[in-house]
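Following: one structure in structure tokens, then a few remarks.
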Number of protein chains: 2
Amino acid sequence: MTTNRLIYLPLGGAGEIGMNAYVYGYGAPNKERLILVDLGVTFPDMDTTPGVDLILPDMTWLMERADRLEAVFITHAHEDHVGAIAHFYKSLGAPVYARAFTTNIARRKMKEHGHPPESVRTVSAWPEQVKAGPFTVGFLPISHSIPESAALVIDSPKGRLIHSGDFKLDATPMVGEAFDPDLWAEVCKGGVRALICDSTNVFSPNPGRSEKDVGPAIEQLVSDAAGMVVATTFASNVARVKTLAEAGQRAGRSVVLLGRAMQRMVEASVETGVLTDFPTTISPEEARDLPRETVMLLVTGSQGERRAASAQLARGKYRGLTLKEGDLFLFSSKTIPGNERGVIRIMNQLSEKGVDVVDDSNGLYHVSGHANRPDIERMHNVVRPQMLIPMHGEHRHLREHAKLADSNGLQGIVAVNGMMIDLTGNAPKVAEYIETGRTYLDGSVKIGALDGVVRDRIRMALNGHVVVTVILDEEDEPLGEPWCDLMGLSETGSSKAPLLEVLEADLDQFLKRANAKTLKDDDKLEEALRRVARQTAQNEIGKKPEVSVVISRMR
Amino acid sequence: MTTNRLIYLPLGGAGEIGMNAYVYGYGAPNKERLILVDLGVTFPDMDTTPGVDLILPDMTWLMERADRLEAVFITHAHEDHVGAIAHFYKSLGAPVYARAFTTNIARRKMKEHGHPPESVRTVSAWPEQVKAGPFTVGFLPISHSIPESAALVIDSPKGRLIHSGDFKLDATPMVGEAFDPDLWAEVCKGGVRALICDSTNVFSPNPGRSEKDVGPAIEQLVSDAAGMVVATTFASNVARVKTLAEAGQRAGRSVVLLGRAMQRMVEASVETGVLTDFPTTISPEEARDLPRETVMLLVTGSQGERRAASAQLARGKYRGLTLKEGDLFLFSSKTIPGNERGVIRIMNQLSEKGVDVVDDSNGLYHVSGHANRPDIERMHNVVRPQMLIPMHGEHRHLREHAKLADSNGLQGIVAVNGMMIDLTGNAPKVAEYIETGRTYLDGSVKIGALDGVVRDRIRMALNGHVVVTVILDEEDEPLGEPWCDLMGLSETGSSKAPLLEVLEADLDQFLKRANAKTLKDDDKLEEALRRVARQTAQNEIGKKPEVSVVISRMR
């Protein structure tokens, strides 16, 4: 007789910050009925994923078991939790559940992909519950940096699980529900088998601050400003957007929302009743005619994204608006590691225009949306789970969080993407290792991270590209001389002659001397030509380019 | 009658942090006799300079006026101040002066390029002076994060200038001379026309801390460690390397220096008498046989550089040494903006091995080598110059520093690369704008930043590369079908057929219908083929690749 088991399997988000996708299952081994929590994306960068548009988790494992998938639950509307939902909707074929604000955002994504609005179903906050196979799932409100973030209360035949989602413990979040310790205590009082818990800020030693704390400083800054004021933050941080807009309004300024995400988020908040008293906004066209000291712009692009409103304003004009000496630009945000160069570029461009830039280096104008170390510990103590599974973090965060759990007497385990954890017993244990990875959305196609496409791009970027073309006649004799096409390489090298000519001459020399066996064999010939081209380039310019060889035979 | 003028012209380092190169001149306009202060490099990155080995300032302006150049002075041995010295030695043809430690490092660079040791001449600290045309220059010791850093006292017929070099005000720098306020007051008491001053940390509001401050915390950390201890810092921060080595020694550990820079810097310090009592070190081979709790490694790669010792240890083995669960890895360093991803990658790899990572996030294990805002102000007050020219900073640093000067009653000006400033009058004024830029060392050749080579690499990385080859006969009729070579592109697209085949078929279609006028004209044909290839790719895979067209005519 097989015994049923309760499993947890991260397919994304564990061992990285981004593309969250966590599977839970219950049933006989390899026959578990499954649910998926979150389905997010992560963003490409030039270092590792040049040209890629979006990075999705590799959902092969789950797609192959789609018949066992009961439902998908989305904790909140951040891109790293909901961004991939429409990309996999068809291949997963399961209903998607979320709270109203998240549903609003998720449906916009579904619509762009031609999926119907019913693909996402709205669930009210706890105590409403959704039945999904062996699981019953409820959305327990928790504060974060976006409206209606929720932890999931996942009831299984083996007891209750709490999946924290992204969270902070904020008693005054300005928009949406405050953290309610009594409600949480009530939910957890019957015992919790496992807490699967956000690890992002485990290295931040001080208690987190409330969203409310930034209001007075922002208000002071805006009221002291003499020229136009521009502020940027994550558009999804609706509470912050509201705080900024209200600061503008109180200072007698007309507020303009710039950037599609900024408009979309405020719109979704108003549509779902999350935001009820947002200041009136005006269009950029209207703002153009107003004295600049009466205008406040709320703009996208706090992470330095090149196409967003911040970067465009820093470079020059956006929607007819320009910045000038004496204007003020506020980054009400933290730069995510890896985005520093883009943000600094904007700061310097603004400096060149004489715009004063204020960022959060003094800690006045931004608070994090994630629980710091003492808050994580408080969460441990509120939930008092039997087991603690750190998630939403790089390896170092998960490991530190597991250590913290241990020191608080909780059974922790470091579970990274692909580690299936059996939660049935008294302690978490690894049941299986599943192959996981990343899928790149590249233009309109999905390519595997290991397909070599991006690797080739990186190689061309580092080494340049030479294409060698050779034509051979019916006798396998070279027809004319070989020729080359160069891209991304210096035109001349040590011999001062054009690199192209030197390459073609050396390749021709080689071909004239090549024996019949080499000339007959495409693989041998290709390898030999590549070697000659690389060696010549090395001699001429001191680097070995990528070489593609095209052999054309007149047969 | 032309009046002589005193000029300042940054060719690098003003408007960026890196590749410092500052020209001073005195004489009739456009006949000034010149000196150059510092000649550094900056480092490439994947975002903007993929494949480039090193970035040098564009020295065209100075090379065209090499006959007017009297001498080059190097303030200290950091790469952004001395790194380009050997690359331009021949084309500048002027003697190079530096203090002994800097000379030692500079000569190693000269040697690698086949230049003689006499190319760099050693000068003692102030009051020794070097005559260089109309200038007399002395090296005034100042504390920084490398031995024998110096400000330059530049005497001209129009009075004394102080070029601060990189500096901090450290009374206990551990290695080398402490900041000596009395000596500085003595040097400045006769009046200083202009202070050209380091701006790096102008946004850091608190007084800087001394190198001495990190000793006790490091010692405590090392003495508490149970496994192997590895510490990384800039190798050139010899004081820190010494502090780390001594902490290891006191804890009964044998010290190993890993990474070429680490060995070179300690060697140069010992050779020049800067370092007199460095703990004995052992080789990695000797360390392999010792119990790991008796070993301490001092390694290069604090900025996450992929080939340095830190990255290699994090990935696996380096010189036969491996890290294990229970070892400790200390980043006694700050991550320079832009290097975060590389450093975080290492931290996570170490975490996967069970190695505990400690960084400077708590402020205990690192201090900056640059003067913070209050220290910069103190420098202003010590020197009390007539004019203040901020240097060594991005635009935002220079602007903030100029504002700070203004608020202290000094005449400041924001002078970026290429702005020639006339210092002759009562206030600095812009005399001319010079074209400046960057030169890339790429393999063994120098290429201009605007040559398009790197731009092409970036485009290939973002868009992939298609090479289209067409052969036309003597009648300008296509000979056979066109063919393509693809790199960095998805193999199949929306039609499910191989992209290569779809491209070749569409191009063939086009060629068969093309009129004689197009087929005769290389430019027209190339443009048309490119357009077809890009449109087909857009339809198939949703992106437009870079397309090179090779047209071969049988004439």
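All residue names refer to the structure tokens as shown: chains lettered A, B, ... in order, residues numbered from 1 in each chain, ligands numbered from 1 in order.
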- Task: Up to 7 Å from chain B, what residues of chain A turn up? Count only C-alpha atoms and give them as a PyMOL selection string.
- Result: chain A and resi 46-47+50-51+337-338+340-341+347-348+351-352+394-396+443-445+447+453-454+456-458+460-464+487-490+493+541-543
Go ahead and save the picked residues with N, CA, C and O atoms, as a CSV table (one decimal), in the first residue's frame.
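Result file is result_28.csv:
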chain,number,residue,atom,x,y,z
A,46,MET,N,22.3,42.3,-20.0
A,46,MET,CA,23.3,42.3,-21.1
A,46,MET,C,24.4,41.2,-20.8
A,46,MET,O,24.9,40.6,-21.7
A,47,ASP,N,24.7,41.1,-19.6
A,47,ASP,CA,25.8,40.2,-19.2
A,47,ASP,C,25.5,38.7,-19.6
A,47,ASP,O,26.3,38.0,-20.1
A,50,PRO,N,21.7,38.8,-23.4
A,50,PRO,CA,21.5,39.9,-24.3
A,50,PRO,C,20.4,39.6,-25.4
A,50,PRO,O,20.4,38.5,-25.9
A,51,GLY,N,19.6,40.6,-25.6
A,51,GLY,CA,18.6,40.4,-26.7
A,51,GLY,C,17.3,39.7,-26.2
A,51,GLY,O,16.3,39.8,-26.9
A,337,PRO,N,20.1,45.4,-7.0
A,337,PRO,CA,21.5,45.1,-7.4
A,337,PRO,C,21.6,44.7,-8.9
A,337,PRO,O,20.8,43.8,-9.3
A,338,GLY,N,22.5,45.3,-9.6
A,338,GLY,CA,22.6,45.0,-11.0
A,338,GLY,C,22.0,46.1,-11.9
A,338,GLY,O,22.4,46.2,-13.0
A,340,GLU,N,22.5,49.4,-11.0
A,340,GLU,CA,23.1,50.6,-10.6
A,340,GLU,C,23.6,51.4,-11.8
A,340,GLU,O,23.4,52.7,-11.8
A,341,ARG,N,24.2,50.8,-12.8
A,341,ARG,CA,24.7,51.6,-13.9
A,341,ARG,C,23.6,52.4,-14.6
A,341,ARG,O,23.8,53.6,-14.9
A,347,MET,N,21.1,59.7,-13.3
A,347,MET,CA,21.5,60.8,-12.3
A,347,MET,C,22.5,61.8,-12.9
A,347,MET,O,22.4,63.0,-12.7
A,348,ASN,N,23.4,61.3,-13.7
A,348,ASN,CA,24.4,62.1,-14.3
A,348,ASN,C,23.8,63.0,-15.4
A,348,ASN,O,24.2,64.1,-15.6
A,351,SER,N,22.1,65.7,-13.7
A,351,SER,CA,23.0,66.6,-13.2
A,351,SER,C,23.5,67.6,-14.3
A,351,SER,O,23.7,68.8,-14.1
A,352,GLU,N,23.7,67.0,-15.5
A,352,GLU,CA,24.2,67.8,-16.7
A,352,GLU,C,23.1,68.9,-17.0
A,352,GLU,O,23.5,70.0,-17.5
A,394,GLU,N,17.9,34.3,-3.1
A,394,GLU,CA,19.1,33.7,-3.6
A,394,GLU,C,19.6,32.6,-2.6
A,394,GLU,O,19.1,32.6,-1.5
A,395,HIS,N,20.5,31.8,-3.1
A,395,HIS,CA,21.0,30.7,-2.2
A,395,HIS,C,21.4,31.3,-0.8
A,395,HIS,O,21.0,30.7,0.2
A,396,ARG,N,22.1,32.4,-0.8
A,396,ARG,CA,22.6,32.9,0.4
A,396,ARG,C,21.5,33.4,1.3
A,396,ARG,O,21.6,33.3,2.6
A,443,GLY,N,11.9,37.8,-28.9
A,443,GLY,CA,11.0,38.2,-29.9
A,443,GLY,C,9.7,37.5,-29.6
A,443,GLY,O,9.1,37.6,-28.5
A,444,SER,N,9.2,36.7,-30.6
A,444,SER,CA,7.9,36.0,-30.4
A,444,SER,C,8.1,34.5,-30.1
A,444,SER,O,7.1,33.8,-30.0
A,445,VAL,N,9.3,34.1,-30.0
A,445,VAL,CA,9.5,32.6,-29.7
A,445,VAL,C,10.1,32.4,-28.3
A,445,VAL,O,10.8,33.2,-27.7
A,447,ILE,N,12.8,30.2,-26.3
A,447,ILE,CA,14.0,29.3,-26.5
A,447,ILE,C,14.5,28.9,-25.2
A,447,ILE,O,14.4,29.6,-24.2
A,453,VAL,N,21.7,29.6,-28.3
A,453,VAL,CA,21.4,30.8,-29.0
A,453,VAL,C,22.0,32.0,-28.3
A,453,VAL,O,22.7,32.8,-28.9
A,454,VAL,N,21.7,32.1,-27.0
A,454,VAL,CA,22.2,33.3,-26.3
A,454,VAL,C,23.7,33.2,-26.1
A,454,VAL,O,24.5,34.2,-26.2
A,456,ASP,N,25.8,32.0,-28.2
A,456,ASP,CA,26.4,32.4,-29.5
A,456,ASP,C,26.4,34.0,-29.5
A,456,ASP,O,27.3,34.6,-30.0
A,457,ARG,N,25.3,34.6,-29.1
A,457,ARG,CA,25.3,36.1,-29.1
A,457,ARG,C,26.3,36.6,-28.2
A,457,ARG,O,27.0,37.6,-28.5
A,458,ILE,N,26.5,36.0,-27.0
A,458,ILE,CA,27.5,36.5,-26.1
A,458,ILE,C,28.9,36.4,-26.7
A,458,ILE,O,29.8,37.3,-26.7
A,460,MET,N,29.7,36.3,-29.9
A,460,MET,CA,29.8,37.4,-31.0
A,460,MET,C,30.1,38.7,-30.4
A,460,MET,O,30.9,39.5,-30.9
A,461,ALA,N,29.5,39.0,-29.2
A,461,ALA,CA,29.7,40.3,-28.6
A,461,ALA,C,31.1,40.4,-28.1
A,461,ALA,O,31.7,41.5,-28.1
A,462,LEU,N,31.6,39.3,-27.5
A,462,LEU,CA,33.0,39.3,-27.0
A,462,LEU,C,34.1,39.3,-28.0
A,462,LEU,O,35.1,39.9,-27.9
A,463,ASN,N,33.8,38.5,-29.1
A,463,ASN,CA,34.9,38.1,-30.0
A,463,ASN,C,34.7,38.6,-31.4
A,463,ASN,O,35.6,38.5,-32.2
A,464,GLY,N,33.6,39.2,-31.7
A,464,GLY,CA,33.3,39.5,-33.1
A,464,GLY,C,32.9,38.3,-33.9
A,464,GLY,O,33.0,37.2,-33.4
A,487,MET,N,32.2,41.2,-38.8
A,487,MET,CA,31.3,42.2,-38.1
A,487,MET,C,31.8,42.2,-36.6
A,487,MET,O,32.1,41.2,-36.0
A,488,GLY,N,32.0,43.4,-36.1
A,488,GLY,CA,32.4,43.6,-34.8
A,488,GLY,C,33.9,43.4,-34.6
A,488,GLY,O,34.4,43.0,-33.5
A,489,LEU,N,34.7,43.7,-35.6
A,489,LEU,CA,36.1,43.5,-35.5
A,489,LEU,C,36.8,44.7,-36.1
A,489,LEU,O,36.3,45.4,-37.0
A,490,SER,N,38.0,45.0,-35.6
A,490,SER,CA,38.8,46.1,-36.0
A,490,SER,C,39.1,45.9,-37.5
A,490,SER,O,39.3,44.8,-38.0
A,493,GLY,N,44.9,45.5,-38.6
A,493,GLY,CA,45.7,44.9,-37.5
A,493,GLY,C,47.1,45.2,-37.6
A,493,GLY,O,47.5,46.2,-38.2
A,541,ILE,N,45.1,41.0,-34.9
A,541,ILE,CA,44.5,41.9,-33.9
A,541,ILE,C,44.5,41.3,-32.5
A,541,ILE,O,43.9,41.9,-31.6
A,542,GLY,N,45.1,40.2,-32.3
A,542,GLY,CA,45.3,39.7,-30.9
A,542,GLY,C,44.0,39.1,-30.3
A,542,GLY,O,43.9,39.1,-29.1
A,543,LYS,N,43.0,38.8,-31.2
A,543,LYS,CA,41.9,38.1,-30.6
A,543,LYS,C,41.3,37.1,-31.6
A,543,LYS,O,41.5,37.3,-32.8
- Message: Run DSSP on the backbone and tell me which residues of region 107-294 of chain A come out as alpha helix (DSSP H); list them as a ChimeraX atom specification.
- Response: /A:107-112,181-188,214-224,238-250,260-271,284-288
Just the residues within 10 Å of Thr172 (chain B), please, counting only C-alpha atoms, with nothing from its chain fewer than 3 positions along; format it as a compact mmCIF listing (two decimals) with N, CA and C atoms, in the first residue's frame.
# COMPACT_ATOMS: atom_id res chain seq x y z
N SER B 143 47.27 60.76 2.50
CA SER B 143 46.81 59.38 2.71
C SER B 143 45.74 59.00 1.70
N LEU B 169 41.72 61.93 4.63
CA LEU B 169 42.50 62.56 5.70
C LEU B 169 42.62 61.54 6.83
N VAL B 175 49.97 52.00 6.88
CA VAL B 175 51.13 51.91 5.99
C VAL B 175 51.28 53.28 5.34
N GLY B 176 52.49 53.80 5.30
CA GLY B 176 52.71 55.08 4.63
C GLY B 176 52.41 56.26 5.52
N GLU B 177 52.51 57.45 4.94
CA GLU B 177 52.42 58.69 5.71
C GLU B 177 50.99 59.05 6.09
N ALA B 178 50.84 59.51 7.32
CA ALA B 178 49.56 60.07 7.75
C ALA B 178 49.37 61.44 7.10
N PHE B 179 48.13 61.89 7.02
CA PHE B 179 47.88 63.26 6.59
C PHE B 179 48.51 64.19 7.61
N ARG B 209 36.52 57.38 8.06
CA ARG B 209 37.15 56.66 9.16
C ARG B 209 38.56 56.25 8.77
N SER B 210 39.37 56.00 9.78
CA SER B 210 40.77 55.66 9.54
C SER B 210 40.95 54.18 9.21
N GLU B 211 41.98 53.92 8.44
CA GLU B 211 42.37 52.54 8.14
C GLU B 211 42.55 51.74 9.43
N LYS B 212 42.99 52.45 10.48
CA LYS B 212 43.25 51.77 11.75
C LYS B 212 41.97 51.18 12.36
N ASP B 213 40.83 51.78 12.03
CA ASP B 213 39.57 51.37 12.65
C ASP B 213 39.14 49.95 12.33
- as a count of residues only, which residues of region 255-492 of chain A does DSSP assign to strand (DSSP E or B)? 66
- Item | Distance criterion (only C-alpha atoms): nearest to Tyr24 (chain B) out of B:Ser332, B:Ser145, B:Ser156, B:Asn237 |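 Closest to Tyr24 (chain B), using only C-alpha atoms: B:Ser156.
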Contacts of His78 (chain A) within 8 Å, only C-alpha atoms, excl. fewer than 4 positions in-chain, as a PDB file with N, CA and C atoms, in the first residue's frame:
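The new file out19.pdb reads:
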ATOM      1  N   GLY A  40       5.764  33.718 -12.202  1.00  0.00           N
ATOM      2  CA  GLY A  40       6.346  35.022 -12.516  1.00  0.00           C
ATOM      3  C   GLY A  40       7.459  34.976 -13.545  1.00  0.00           C
ATOM      4  N   VAL A  82       3.362  37.175 -11.211  1.00  0.00           N
ATOM      5  CA  VAL A  82       2.222  37.006 -12.123  1.00  0.00           C
ATOM      6  C   VAL A  82       2.616  37.143 -13.597  1.00  0.00           C
ATOM      7  N   GLY A  83       3.847  37.590 -13.842  1.00  0.00           N
ATOM      8  CA  GLY A  83       4.245  37.980 -15.205  1.00  0.00           C
ATOM      9  C   GLY A  83       4.169  36.890 -16.264  1.00  0.00           C
ATOM     10  N   ILE A 146       2.494  46.419  -2.686  1.00  0.00           N
ATOM     11  CA  ILE A 146       1.495  46.424  -3.752  1.00  0.00           C
ATOM     12  C   ILE A 146       0.164  46.111  -3.083  1.00  0.00           C
ATOM     13  N   SER A 236       3.759  49.847  -9.208  1.00  0.00           N
ATOM     14  CA  SER A 236       2.903  48.931  -8.444  1.00  0.00           C
ATOM     15  C   SER A 236       2.838  49.294  -6.964  1.00  0.00           C
TER      16      SER A 236
END
- Item | Nearby residues (only C-alpha atoms) at most 10 Å from Phe43 (chain A), same-chain spacing under 5 positions excluded, as a ChimeraX atom specification | /A:18-19,49,52-56,79-80,440
Please produce a file of the residues just selected, as an mmCIF file, in the first residue's frame, where the atoms kept are C-alpha atoms.
data_model
loop_
_atom_site.group_PDB
_atom_site.id
_atom_site.type_symbol
_atom_site.label_atom_id
_atom_site.label_comp_id
_atom_site.auth_asym_id
_atom_site.auth_seq_id
_atom_site.Cartn_x
_atom_site.Cartn_y
_atom_site.Cartn_z
ATOM 1 C CA GLY A 18 12.570 36.445 -9.523
ATOM 2 C CA MET A 19 10.251 34.152 -11.569
ATOM 3 C CA THR A 49 20.916 37.236 -21.635
ATOM 4 C CA VAL A 52 16.194 38.354 -24.595
ATOM 5 C CA ASP A 53 12.850 40.032 -23.897
ATOM 6 C CA LEU A 54 11.751 38.148 -20.796
ATOM 7 C CA ILE A 55 12.850 35.161 -18.735
ATOM 8 C CA LEU A 56 10.233 32.594 -17.791
ATOM 9 C CA GLU A 79 5.779 40.745 -12.315
ATOM 10 C CA ASP A 80 7.957 38.145 -10.621
ATOM 11 C CA TYR A 440 13.726 32.832 -22.769
#
Residue neighbourhood Gly326 (chain A), 10 Å, only C-alpha atoms, exclusion window fewer than 3 positions, as an mmCIF file with all heavy atoms, in the first residue's frame:
data_model
loop_
_atom_site.group_PDB
_atom_site.id
_atom_site.type_symbol
_atom_site.label_atom_id
_atom_site.label_comp_id
_atom_site.auth_asym_id
_atom_site.auth_seq_id
_atom_site.Cartn_x
_atom_site.Cartn_y
_atom_site.Cartn_z
ATOM 1 N N ALA A 225 10.370 72.550 -2.768
ATOM 2 C CA ALA A 225 10.937 72.602 -4.119
ATOM 3 C C ALA A 225 10.514 73.862 -4.855
ATOM 4 O O ALA A 225 9.390 74.337 -4.724
ATOM 5 C CB ALA A 225 10.509 71.366 -4.907
ATOM 6 N N ALA A 226 11.442 74.394 -5.653
ATOM 7 C CA ALA A 226 11.165 75.649 -6.353
ATOM 8 C C ALA A 226 10.746 75.427 -7.805
ATOM 9 O O ALA A 226 9.937 76.178 -8.338
ATOM 10 C CB ALA A 226 12.408 76.543 -6.309
ATOM 11 N N GLY A 227 11.296 74.431 -8.465
ATOM 12 C CA GLY A 227 10.970 74.184 -9.876
ATOM 13 C C GLY A 227 9.984 73.038 -10.027
ATOM 14 O O GLY A 227 9.171 72.775 -9.142
ATOM 15 N N MET A 228 10.060 72.374 -11.155
ATOM 16 C CA MET A 228 9.209 71.212 -11.357
ATOM 17 C C MET A 228 9.715 70.091 -10.455
ATOM 18 O O MET A 228 10.901 70.006 -10.164
ATOM 19 C CB MET A 228 9.257 70.774 -12.824
ATOM 20 C CG MET A 228 8.168 69.768 -13.187
ATOM 21 S SD MET A 228 8.308 69.168 -14.901
ATOM 22 C CE MET A 228 7.692 70.565 -15.818
ATOM 23 N N VAL A 229 8.800 69.257 -9.965
ATOM 24 C CA VAL A 229 9.205 68.093 -9.178
ATOM 25 C C VAL A 229 8.855 66.830 -9.964
ATOM 26 O O VAL A 229 7.750 66.717 -10.490
ATOM 27 C CB VAL A 229 8.504 68.054 -7.810
ATOM 28 C CG1 VAL A 229 8.885 66.784 -7.053
ATOM 29 C CG2 VAL A 229 8.867 69.285 -6.990
ATOM 30 N N GLU A 293 6.691 75.346 -11.567
ATOM 31 C CA GLU A 293 6.658 75.178 -10.110
ATOM 32 C C GLU A 293 5.282 74.722 -9.611
ATOM 33 O O GLU A 293 5.089 74.519 -8.409
ATOM 34 C CB GLU A 293 7.112 76.459 -9.400
ATOM 35 C CG GLU A 293 6.209 77.659 -9.579
ATOM 36 C CD GLU A 293 6.496 78.447 -10.858
ATOM 37 O OE1 GLU A 293 7.187 77.916 -11.755
ATOM 38 O OE2 GLU A 293 6.029 79.594 -10.964
ATOM 39 N N LEU A 323 13.090 68.738 -18.609
ATOM 40 C CA LEU A 323 13.557 69.183 -17.294
ATOM 41 C C LEU A 323 14.604 70.273 -17.466
ATOM 42 O O LEU A 323 15.303 70.331 -18.469
ATOM 43 C CB LEU A 323 14.120 67.998 -16.510
ATOM 44 C CG LEU A 323 13.128 66.847 -16.296
ATOM 45 C CD1 LEU A 323 13.718 65.797 -15.367
ATOM 46 C CD2 LEU A 323 11.817 67.374 -15.729
ATOM 47 N N PHE A 329 14.438 65.997 -8.901
ATOM 48 C CA PHE A 329 14.088 64.632 -9.297
ATOM 49 C C PHE A 329 14.304 63.717 -8.103
ATOM 50 O O PHE A 329 15.415 63.582 -7.597
ATOM 51 C CB PHE A 329 14.970 64.185 -10.466
ATOM 52 C CG PHE A 329 14.439 62.967 -11.171
ATOM 53 C CD1 PHE A 329 13.846 63.073 -12.423
ATOM 54 C CD2 PHE A 329 14.535 61.712 -10.593
ATOM 55 C CE1 PHE A 329 13.354 61.954 -13.095
ATOM 56 C CE2 PHE A 329 14.036 60.585 -11.235
ATOM 57 C CZ PHE A 329 13.445 60.709 -12.492
ATOM 58 N N LYS A 353 21.853 68.608 -16.752
ATOM 59 C CA LYS A 353 20.788 69.583 -17.018
ATOM 60 C C LYS A 353 20.617 70.558 -15.857
ATOM 61 O O LYS A 353 19.756 71.439 -15.912
ATOM 62 C CB LYS A 353 19.451 68.863 -17.219
ATOM 63 C CG LYS A 353 19.343 68.034 -18.485
ATOM 64 C CD LYS A 353 17.926 67.476 -18.599
ATOM 65 C CE LYS A 353 17.845 66.399 -19.668
ATOM 66 N NZ LYS A 353 18.216 66.897 -21.003
ATOM 67 N N GLY A 354 21.350 70.363 -14.770
ATOM 68 C CA GLY A 354 21.197 71.234 -13.609
ATOM 69 C C GLY A 354 20.047 70.833 -12.709
ATOM 70 O O GLY A 354 19.606 71.609 -11.864
ATOM 71 N N VAL A 355 19.542 69.614 -12.896
ATOM 72 C CA VAL A 355 18.438 69.130 -12.064
ATOM 73 C C VAL A 355 19.018 68.544 -10.767
ATOM 74 O O VAL A 355 19.988 67.796 -10.806
ATOM 75 C CB VAL A 355 17.636 68.043 -12.817
ATOM 76 C CG1 VAL A 355 16.575 67.425 -11.926
ATOM 77 C CG2 VAL A 355 17.024 68.627 -14.089
ATOM 78 N N ASP A 356 18.414 68.899 -9.637
ATOM 79 C CA ASP A 356 18.870 68.339 -8.362
ATOM 80 C C ASP A 356 18.254 66.962 -8.167
ATOM 81 O O ASP A 356 17.037 66.805 -8.278
ATOM 82 C CB ASP A 356 18.480 69.259 -7.211
ATOM 83 C CG ASP A 356 19.272 70.546 -7.246
ATOM 84 O OD1 ASP A 356 20.482 70.482 -7.537
ATOM 85 O OD2 ASP A 356 18.682 71.621 -7.032
#
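For the pair CA of Thr436 (chain B) and CA of Leu450 (chain B), the interatomic distance is 11.4 Å.
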- If you count only C-alpha atoms, which residues fall within 7 Å of Ile17 (chain B), apart from same-chain ones fewer than 4 positions away, as a VMD selection string? chain B and resid 13 392 to 394
- What is the distance between CA of Asn4 (chain B) and CA of Met63 (chain B), in Å to one decimal?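 If I compute the distance from CA of Asn4 (chain B) to CA of Met63 (chain B), I get 22.0 Å.
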